[in-house]
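Peer 1: The structure's right below; bear with me while I get my questions together.
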Amino acid sequence: MEKGRLIEFRLHGERTLAVLDRPDGKKNWVSIDAGGQARTLAPKQVTYEVAATEAFKPTDIERFLAEVESYLDPSGLEVAWELLSEDSEATTPAELAQLLFSEQTPAQCYAAHCLLSDDKIYFKQKGDQYEPRPESQVNDLKHQLEAAALRDRERQGFIDRVQQVLAGETINWEASDRSRIETIERLAAFGEECPNRAAAIELLESVGRPPYAKAAFQLLVDLKIWSEHENLHLRRTQLPTYFSTKVLDVSHHCLQDPPPDPETNRLDLTHLKVFTIDDASTTEIDDGLSLEYCEDGRERLWIHIADPTRWMTPGDSLDLEARRRCTTVYLPTGMVPMLPEELATGPMSLNQGQICCALSFCVELKPDGAIDTFSIHPSFIKPTYRLTYDDVDEMLHLQLTNEPEIEALANYAKLRHTWRQSQGAISIHMPETTVKVRGDEVDIQIIDDSRSRQLVAEMMILTGEAAATYAAKQGIPVPFRGQPQPELPPEEELLRLPPGPVRACALRRCMPRSEVGLFVTRHASLGLDHYTQVTSPIRRYADLLTHFQLKAHLRGDTLPFSTEELKQILLSIGSAVKEANLVERQTNRYWSIEYLRRNAKEIWPTLVLRWIREDENLGSILLEDLGLEFVWRIPRGLTPGDRLQLRVAHADPREDTIHFQPVETDTAQALEV
């Protein structure tokens, strides 16, 4: 190292040229760059010395770099690599300059040094020399760099498209954008627990948003990818929300080319008058009712259940998809079906006027309402009337004589209810609410415990009893449902509580959870010794399993599922069913709070139901006009059974918070006027 020597060193990772000016101590030198900035450098900091016969001045640096620039053509490296790699011959910057430029001027040698030191593909440094890489390694590196360049372009394209949308422009998202959008979605849904959170934060910061879950959520709303009411409860689960192309193809193929029906001797019941009774919005119609008048004066109840297993076999794509989903999820914004819609609402449903496959239960009752005889038949039926609950209630109210079966079915349902009560059934009547979201409108209605609903409920319970009794007697493993006997409060204690929701709430607290198993146990609240769910095979996988088992036994075939296999399936679907039920509750609560937020000026008649922690005045309340229950810190002096008027003080569905404030009776009356 000597005065006037042009050297290279790294400053903040960037190559920098400077001229050595004077020694600084025994080994160090003071260098001056093109801008006149002096720096002390140790020999080890110098990465290259320009070999020249003449001394340089700092003012020469700019001219020198301009000359070097004319030689910086990276394509020359590939030519040199091809020549040198044949004999695995190493090279130096000076030798490369001779090879590329046929000369070795200081500028050419430095240009060769720059090309070699910046190269990431063809050469690797070993001491003062550069060795050519093997061809296979060069190809791998080229592929990696091309992939990295593509990712960089895609990332920048994504950022550009985000900015365009935020500026109000209309764009088409690219396929490569999907993974980045999903990364942001996961942060918005899971927050601190988000997998690959660092990548999501980096994306947020790249588009000028703070690194938080709320910011991710708002960005997705601003991009119109999510709505402001996006269902995060659903997104945080493993519940599938769409069907794969494979499953949809199988479904479509079933419609175009139906599989052979395993039931070669279906009972033809198309002569029976069949009533289906559902809500007006129901699209999956899975049960129908008939009443047959026999010549000897006997009357037979027929409960027809949709037969989706006509279109499926155990272990096929549709069965495995239904098993994965376990249940149809009913949300205020719509349902997430267990089976593809074109099948579930098409040939699997009991559609009016069409010949449909069914599993029909024929039941004759004793005078007291107990089952006398029953039989189960794969069948053909032709639903005659599609009725709503309101239709049936109106027919019962008007006592119409042109459809006497409806009145008779209602009377049989009442008889069954009375019989079940005699067997110890426990009826708990709490308000049941439906929350519906249509567009931007939120509607909450209390479901009336009407005769029509009681009719259908009793017929479904009757079918479950018949199916379970048959399975138990024949030794068929199915998902039996039971419920342990509850320890109810003493009658005198219950009688001290106001009748209605307060007393029903006290009973509900005592009820143990129902249980599913492969052995028959009594169902306490239904008052039945045998019970299984079999009436919703389009919507519940456990019901579908029972259909598979019953139909195979009726045909005389080997059961598709052994006891052990059924046990494993029930274990696998149990957690998914719980998860689906939780999402339904959480989503209903979200929209209930949103409804109350939108109606913050309303005054709600409220009933105090029970204490949760009386010493803290924490209790459960019921908004009687909506059938909604909330936990609230109840004012002193009030006890279960008391009523008051409440208004919403604060409601935030996203934070799952709601606060009420009491309204004095006089004020409430004045506001209502």
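Quick note on naming: the chains in the structure tokens go A, B, ... in the order shown, residues restart at 1 in each chain, and ligands are numbered from 1 in order of appearance.
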May I have the residues within 9 Å of Phe190 in chain A as a list in words, using only C-alpha atoms and disregarding those fewer than 2 positions away in the same chain?

Peer 2: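 The contact residues come out as Glu185, Arg186, Leu187, Ala188, Glu192, Glu193, Cys194, Pro195, Ala213, Leu232, Arg235 and Arg236 of chain A.
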
Peer 1: Using DSSP on the backbone coordinates, identify the residues of range 250-324 of chain A assigned to alpha helix (DSSP H); present them as a ChimeraX atom specification.

Peer 2: /A:250-256,317-324

Peer 1: Select, from A:Ile61, A:Ala80, A:Met430, A:Leu291, the residue with the minimum atom-to-atom distance to Pro404 in chain A, counting only C-alpha atoms.

Peer 2: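 Nearest to Pro404 in chain A: A:Leu291.
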
Peer 1: Find the nearest atom pair between each residue of range 575-660 of chain A and range 239-251 of chain A for residues within 12 Å, count only C-alpha atoms, give distances in Å to one decimal, sort rows by chain and ascending number, and present the table as JSON lines.

Peer 2:
{"residue": "A:Ser575", "atom": "CA", "partner": "A:Leu239", "partner_atom": "CA", "distance": 11.0}
{"residue": "A:Ala576", "atom": "CA", "partner": "A:Leu239", "partner_atom": "CA", "distance": 7.6}
{"residue": "A:Val577", "atom": "CA", "partner": "A:Leu239", "partner_atom": "CA", "distance": 9.7}
{"residue": "A:Lys578", "atom": "CA", "partner": "A:Leu239", "partner_atom": "CA", "distance": 11.1}
{"residue": "A:Glu579", "atom": "CA", "partner": "A:Leu239", "partner_atom": "CA", "distance": 8.0}
{"residue": "A:Ala580", "atom": "CA", "partner": "A:Leu239", "partner_atom": "CA", "distance": 7.3}
{"residue": "A:Asn581", "atom": "CA", "partner": "A:Leu239", "partner_atom": "CA", "distance": 11.1}
{"residue": "A:Leu582", "atom": "CA", "partner": "A:Leu239", "partner_atom": "CA", "distance": 11.4}
{"residue": "A:Val583", "atom": "CA", "partner": "A:Leu239", "partner_atom": "CA", "distance": 9.4}
{"residue": "A:Glu584", "atom": "CA", "partner": "A:Leu239", "partner_atom": "CA", "distance": 11.7}

Peer 1: Within 9 Å of range 452-462 of chain A, counting only C-alpha atoms, which residues show up once you throw out same-chain ones fewer than 6 positions away? Write them as a list in words, please.

Peer 2: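 Final neighbour list, sorted by chain and number: Ile277, Asp278, Asp287, Leu289, Leu301, Ile303, Val363, Ile371, Thr388, Tyr389, Asp390, Asp391, Val392, Asp393, Leu396, Leu409, Ala410, Asn411, Tyr412, Ala413, Lys414, Arg416, His417, Leu526, Tyr531, Thr532, Gln533, Val534 and Thr535 of chain A.
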
Peer 1: Tell me, as a list of chain:residue names, which residues lie within 12 Å of Glu78 in chain A, counting only C-alpha atoms; anything in the same chain fewer than 2 positions away does not count.

Peer 2: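 Counting only C-alpha atoms, the residues come to A:Asp73, A:Pro74, A:Ser75, A:Gly76, A:Ala80, A:Trp81, A:Glu82, A:Leu83, A:Leu84, A:Ser85, A:Leu96, A:Leu100, A:Leu115, A:Leu116, A:Asp119, A:Lys120, A:Ile121, A:Tyr122, A:Phe123, A:Pro132, A:Arg133, A:Glu135, A:Val138, A:Asn139, A:Lys142.
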
Peer 1: Could you tell me how far CA of Arg540 in chain A sits from CA of Leu415 in chain A, in Å to one decimal place?

Peer 2: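 One can read the CA of Leu415 in chain A to CA of Arg540 in chain A distance as 27.9 Å.
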
Peer 1: I'd like the neighbourhood of Phe374 in chain A as a count of residues only, where a residue qualifies if any of its atoms comes within 12 Å (using only C-alpha atoms), though same-chain residues fewer than 2 positions away should be ignored.

Peer 2: 25
